[in-house]
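Structure file data-v4.cif with mmCIF, N, CA, C and O atoms and all ligand atoms:
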```cif
data_run
loop_
_atom_site.label_atom_id
_atom_site.label_comp_id
_atom_site.auth_asym_id
_atom_site.auth_seq_id
_atom_site.Cartn_x
_atom_site.Cartn_y
_atom_site.Cartn_z
N MET V 231 22.28 6.45 -0.53
CA MET V 231 21.46 7.45 -1.18
C MET V 231 20.22 6.78 -1.74
O MET V 231 20.23 5.59 -2.05
N ARG V 232 19.19 7.60 -1.90
CA ARG V 232 17.93 7.07 -2.43
C ARG V 232 17.36 8.05 -3.47
O ARG V 232 17.62 9.25 -3.41
N VAL V 233 16.60 7.48 -4.38
CA VAL V 233 15.91 8.25 -5.41
C VAL V 233 14.42 7.97 -5.27
O VAL V 233 14.02 6.82 -5.08
N LYS V 234 13.63 9.03 -5.36
CA LYS V 234 12.18 8.85 -5.30
C LYS V 234 11.55 9.55 -6.49
O LYS V 234 11.79 10.74 -6.73
N VAL V 235 10.76 8.80 -7.22
CA VAL V 235 10.04 9.35 -8.38
C VAL V 235 8.56 9.47 -8.01
O VAL V 235 7.92 8.50 -7.64
N ASN V 236 8.06 10.67 -8.13
CA ASN V 236 6.64 10.93 -7.89
C ASN V 236 5.87 10.58 -9.17
O ASN V 236 5.86 11.35 -10.13
N ARG V 237 5.25 9.45 -9.17
CA ARG V 237 4.57 8.97 -10.38
C ARG V 237 3.42 9.89 -10.77
O ARG V 237 3.09 10.01 -11.95
N ASP V 238 2.79 10.51 -9.82
CA ASP V 238 1.67 11.40 -10.13
C ASP V 238 2.16 12.68 -10.83
O ASP V 238 1.43 13.27 -11.63
N ALA V 239 3.39 13.09 -10.50
CA ALA V 239 3.93 14.32 -11.08
C ALA V 239 4.54 14.09 -12.46
O ALA V 239 4.58 15.00 -13.28
N CYS V 240 5.05 12.88 -12.72
CA CYS V 240 5.69 12.60 -13.99
C CYS V 240 4.70 12.77 -15.14
O CYS V 240 3.60 12.22 -15.11
N GLN V 241 5.15 13.52 -16.15
CA GLN V 241 4.31 13.76 -17.34
C GLN V 241 4.90 13.10 -18.58
O GLN V 241 4.49 13.41 -19.71
N GLY V 242 5.88 12.23 -18.38
CA GLY V 242 6.44 11.50 -19.51
C GLY V 242 7.36 12.33 -20.37
O GLY V 242 7.51 12.04 -21.56
N ASN V 243 8.01 13.30 -19.77
CA ASN V 243 8.91 14.16 -20.54
C ASN V 243 10.12 13.39 -21.07
O ASN V 243 10.59 13.67 -22.18
N GLY V 244 10.65 12.49 -20.26
CA GLY V 244 11.74 11.63 -20.71
C GLY V 244 13.13 12.18 -20.58
O GLY V 244 14.10 11.49 -20.91
N ARG V 245 13.28 13.41 -20.12
CA ARG V 245 14.62 14.00 -20.05
C ARG V 245 15.49 13.31 -19.00
O ARG V 245 16.71 13.26 -19.13
N CYS V 246 14.87 12.80 -17.96
CA CYS V 246 15.64 12.10 -16.92
C CYS V 246 16.40 10.91 -17.52
O CYS V 246 17.60 10.75 -17.30
N ALA V 247 15.69 10.11 -18.30
CA ALA V 247 16.32 8.94 -18.90
C ALA V 247 17.26 9.31 -20.03
O ALA V 247 18.22 8.59 -20.31
N ALA V 248 17.02 10.46 -20.68
CA ALA V 248 17.91 10.88 -21.77
C ALA V 248 19.29 11.24 -21.24
O ALA V 248 20.30 10.92 -21.87
N VAL V 249 19.35 11.92 -20.09
CA VAL V 249 20.65 12.35 -19.56
C VAL V 249 21.28 11.33 -18.62
O VAL V 249 22.49 11.31 -18.47
N SER V 250 20.47 10.48 -17.99
CA SER V 250 21.00 9.50 -17.05
C SER V 250 20.30 8.15 -17.23
O SER V 250 19.60 7.66 -16.35
N PRO V 251 20.53 7.51 -18.37
CA PRO V 251 19.86 6.24 -18.64
C PRO V 251 20.29 5.12 -17.71
O PRO V 251 19.58 4.12 -17.58
N GLU V 252 21.46 5.30 -17.06
CA GLU V 252 21.92 4.25 -16.14
C GLU V 252 21.11 4.27 -14.84
O GLU V 252 21.16 3.32 -14.08
N ILE V 253 20.40 5.36 -14.60
CA ILE V 253 19.60 5.47 -13.38
C ILE V 253 18.11 5.36 -13.68
O ILE V 253 17.36 4.71 -12.95
N PHE V 254 17.66 6.03 -14.74
CA PHE V 254 16.23 6.16 -15.00
C PHE V 254 15.83 5.41 -16.27
O PHE V 254 16.40 5.64 -17.34
N GLN V 255 14.86 4.54 -16.13
CA GLN V 255 14.25 3.87 -17.27
C GLN V 255 12.77 4.23 -17.32
O GLN V 255 12.16 4.50 -16.29
N LEU V 256 12.24 4.22 -18.51
CA LEU V 256 10.85 4.61 -18.71
C LEU V 256 10.01 3.41 -19.10
O LEU V 256 10.52 2.44 -19.65
N ASP V 257 8.71 3.51 -18.84
CA ASP V 257 7.82 2.42 -19.26
C ASP V 257 7.50 2.58 -20.75
O ASP V 257 8.03 3.47 -21.43
N GLU V 258 6.65 1.74 -21.27
CA GLU V 258 6.38 1.74 -22.71
C GLU V 258 5.69 3.01 -23.20
O GLU V 258 5.69 3.31 -24.39
N LEU V 259 5.14 3.77 -22.27
CA LEU V 259 4.49 5.03 -22.62
C LEU V 259 5.38 6.23 -22.37
O LEU V 259 4.99 7.38 -22.59
N GLY V 260 6.60 5.99 -21.86
CA GLY V 260 7.54 7.08 -21.65
C GLY V 260 7.49 7.70 -20.27
O GLY V 260 8.09 8.76 -20.03
N TYR V 261 6.82 7.02 -19.35
CA TYR V 261 6.73 7.54 -17.99
C TYR V 261 7.76 6.85 -17.09
O TYR V 261 8.04 5.67 -17.24
N ASN V 262 8.28 7.61 -16.15
CA ASN V 262 9.19 7.08 -15.15
C ASN V 262 8.35 6.60 -13.97
O ASN V 262 7.80 7.40 -13.21
N ILE V 263 8.25 5.30 -13.83
CA ILE V 263 7.40 4.74 -12.77
C ILE V 263 8.24 3.96 -11.76
O ILE V 263 7.78 2.99 -11.16
N ALA V 264 9.46 4.42 -11.57
CA ALA V 264 10.41 3.66 -10.75
C ALA V 264 10.05 3.64 -9.27
O ALA V 264 10.48 2.75 -8.55
N GLY V 265 9.31 4.62 -8.79
CA GLY V 265 9.01 4.65 -7.36
C GLY V 265 10.21 5.10 -6.57
O GLY V 265 10.90 6.05 -6.95
N GLU V 266 10.52 4.40 -5.49
CA GLU V 266 11.67 4.76 -4.66
C GLU V 266 12.65 3.60 -4.62
O GLU V 266 12.26 2.46 -4.48
N PHE V 267 13.94 3.95 -4.75
CA PHE V 267 14.96 2.90 -4.78
C PHE V 267 16.30 3.44 -4.31
O PHE V 267 16.53 4.65 -4.29
N ALA V 268 17.18 2.53 -3.91
CA ALA V 268 18.50 2.90 -3.42
C ALA V 268 19.50 2.95 -4.57
O ALA V 268 19.39 2.18 -5.54
N ILE V 269 20.47 3.87 -4.46
CA ILE V 269 21.57 3.93 -5.42
C ILE V 269 22.88 4.06 -4.64
O ILE V 269 22.88 4.43 -3.46
N THR V 270 23.98 3.76 -5.30
CA THR V 270 25.28 3.94 -4.67
C THR V 270 25.67 5.42 -4.68
O THR V 270 25.12 6.21 -5.46
N GLU V 271 26.60 5.79 -3.84
CA GLU V 271 27.06 7.18 -3.84
C GLU V 271 27.69 7.54 -5.18
O GLU V 271 27.60 8.68 -5.64
N GLU V 272 28.32 6.57 -5.83
CA GLU V 272 28.95 6.82 -7.12
C GLU V 272 27.90 7.21 -8.18
O GLU V 272 28.19 7.92 -9.14
N ALA V 273 26.70 6.72 -8.01
CA ALA V 273 25.62 7.01 -8.96
C ALA V 273 24.90 8.32 -8.64
O ALA V 273 24.04 8.76 -9.41
N GLY V 274 25.29 8.94 -7.54
CA GLY V 274 24.58 10.13 -7.10
C GLY V 274 24.62 11.28 -8.10
O GLY V 274 23.61 11.94 -8.32
N GLU V 275 25.76 11.51 -8.72
CA GLU V 275 25.87 12.62 -9.66
C GLU V 275 24.91 12.45 -10.83
O GLU V 275 24.23 13.39 -11.25
N ALA V 276 24.84 11.24 -11.36
CA ALA V 276 23.93 10.97 -12.48
C ALA V 276 22.48 11.12 -12.03
O ALA V 276 21.63 11.61 -12.78
N ALA V 277 22.19 10.71 -10.81
CA ALA V 277 20.82 10.83 -10.31
C ALA V 277 20.43 12.30 -10.16
O ALA V 277 19.33 12.71 -10.54
N PHE V 278 21.34 13.10 -9.61
CA PHE V 278 21.05 14.54 -9.47
C PHE V 278 20.89 15.19 -10.84
O PHE V 278 20.03 16.07 -11.02
N ARG V 279 21.69 14.78 -11.79
CA ARG V 279 21.60 15.34 -13.13
C ARG V 279 20.23 15.06 -13.75
O ARG V 279 19.59 15.94 -14.31
N GLY V 280 19.79 13.83 -13.62
CA GLY V 280 18.48 13.48 -14.14
C GLY V 280 17.36 14.21 -13.44
O GLY V 280 16.41 14.68 -14.08
N ALA V 281 17.47 14.35 -12.12
CA ALA V 281 16.44 15.06 -11.36
C ALA V 281 16.37 16.53 -11.77
O ALA V 281 15.29 17.10 -11.91
N ALA V 282 17.54 17.12 -12.00
CA ALA V 282 17.57 18.55 -12.38
C ALA V 282 16.95 18.78 -13.74
O ALA V 282 16.45 19.88 -14.03
N GLU V 283 16.97 17.78 -14.60
CA GLU V 283 16.42 17.92 -15.95
C GLU V 283 14.91 17.81 -15.99
O GLU V 283 14.29 18.19 -16.98
N CYS V 284 14.30 17.29 -14.95
CA CYS V 284 12.86 17.05 -14.98
C CYS V 284 12.09 18.37 -14.80
O CYS V 284 12.17 18.99 -13.75
N PRO V 285 11.32 18.77 -15.80
CA PRO V 285 10.60 20.04 -15.70
C PRO V 285 9.43 19.97 -14.72
O PRO V 285 8.92 21.02 -14.31
N GLU V 286 9.05 18.77 -14.36
CA GLU V 286 7.93 18.61 -13.42
C GLU V 286 8.42 18.47 -11.97
O GLU V 286 7.60 18.36 -11.06
N ARG V 287 9.72 18.46 -11.79
CA ARG V 287 10.32 18.26 -10.46
C ARG V 287 9.75 17.01 -9.79
O ARG V 287 9.40 17.01 -8.61
N ALA V 288 9.67 15.95 -10.60
CA ALA V 288 9.08 14.70 -10.11
C ALA V 288 10.09 13.80 -9.41
O ALA V 288 9.69 12.80 -8.82
N ILE V 289 11.37 14.18 -9.47
CA ILE V 289 12.42 13.29 -8.94
C ILE V 289 13.12 13.96 -7.77
O ILE V 289 13.54 15.11 -7.85
N THR V 290 13.25 13.21 -6.69
CA THR V 290 13.97 13.67 -5.51
C THR V 290 15.13 12.71 -5.25
O THR V 290 14.95 11.50 -5.30
N VAL V 291 16.30 13.28 -4.99
CA VAL V 291 17.46 12.49 -4.61
C VAL V 291 17.86 12.92 -3.22
O VAL V 291 18.00 14.11 -2.95
N PHE V 292 18.03 11.96 -2.33
CA PHE V 292 18.33 12.33 -0.95
C PHE V 292 19.23 11.28 -0.28
O PHE V 292 19.34 10.16 -0.74
N PHE V 293 19.84 11.73 0.79
CA PHE V 293 20.69 10.85 1.57
C PHE V 293 19.84 10.19 2.65
O PHE V 293 18.97 10.81 3.23
N SER V 294 20.11 8.95 2.90
CA SER V 294 19.35 8.24 3.93
C SER V 294 20.30 7.44 4.82
O SER V 294 21.44 7.23 4.48
FE1 LIG G 1 8.83 12.06 -15.97
FE2 LIG G 1 10.35 14.10 -15.40
FE3 LIG G 1 11.43 11.95 -16.33
S1 LIG G 1 8.33 14.21 -16.31
S2 LIG G 1 9.90 10.96 -17.60
S3 LIG G 1 10.38 12.12 -14.38
S4 LIG G 1 11.96 14.03 -16.91
#
```
Before anything else, please render the file you have as structure tokens.
Amino acid sequence: MRVKVNRDACQGNGRCAAVSPEIFQLDELGYNIAGEFAITEEAGEAAFRGAAECPERAITVFFS
């Protein structure tokens, strides 16, 4: 599985990291600048949870 964060769409809301801190970390200004990265299938539920919380729909979780 993979996670992709659209840095241009992120507005620094922080809800992704609040609900799934094991997947999403923020920079010093509160933005998620992770880009694209691989996760294990076990981490998928947390990744989807964080993506669903983002009001900007900046996070995509997909199978690869
Ligand atoms: Fe950004 Fe959305 Fe997280 S706006 S900080 S990716 S909740």
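Candidate residues V:Glu258, V:Glu266, V:Glu286, V:Asp238 were compared for distance to ligand LIG 1 (chain G), and the nearest is V:Glu286, using only C-alpha atoms and all ligand atoms.
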Legend entry - Sel. of helix (DSSP H, G or I) residues, range 231-292 of chain V, as a list of chain:residue names: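 Answer for range 231-292 of chain V, restricted to helix (DSSP H, G or I): V:Arg245, V:Cys246, V:Ala247, V:Ala248, V:Val249, V:Glu271, V:Glu272, V:Ala273, V:Gly274, V:Glu275, V:Ala276, V:Ala277, V:Phe278, V:Arg279, V:Gly280, V:Ala281, V:Ala282, V:Glu283.
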Legend entry - Closest of V:Gly260, V:Pro251, V:Gly265, V:Gly274 to ligand LIG 1 (chain G) - atom-to-atom distances counting only N, CA, C and O atoms and all ligand atoms: V:Gly260
Inset, instruction - Check every protein, DNA and RNA residue against ligand LIG 1 (chain G), keep those with an atom at most 8 Å away (counting only N, CA, C and O atoms and all ligand atoms), and present them as a ChimeraX atom specification. - result: /V:234-237,239-248,254-257,259-263,280-289
Inset, instruction - Provide the CA of Ala276 in chain V to CA of Ser250 in chain V distance in Å, to one decimal place. - result: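 Pair CA of Ala276 in chain V / CA of Ser250 in chain V returns 5.6 Å.
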Legend entry - Among the residues V:Glu252, V:Ala264, V:Ala277, V:Thr270, the one that comes closest to Val291 in chain V [using all atoms listed in the file]: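 Distance minimum relative to Val291 in chain V lands on V:Ala277.
Coordinates place CA of Val249 in chain V at a distance of 19.0 Å from atom O of Phe292 in chain V.
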Legend entry - One-decimal distance in Å that lies between atom C of Ser294 in chain V and atom C of Arg232 in chain V: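 Going from atom C of Arg232 in chain V over to atom C of Ser294 in chain V covers 8.8 Å.
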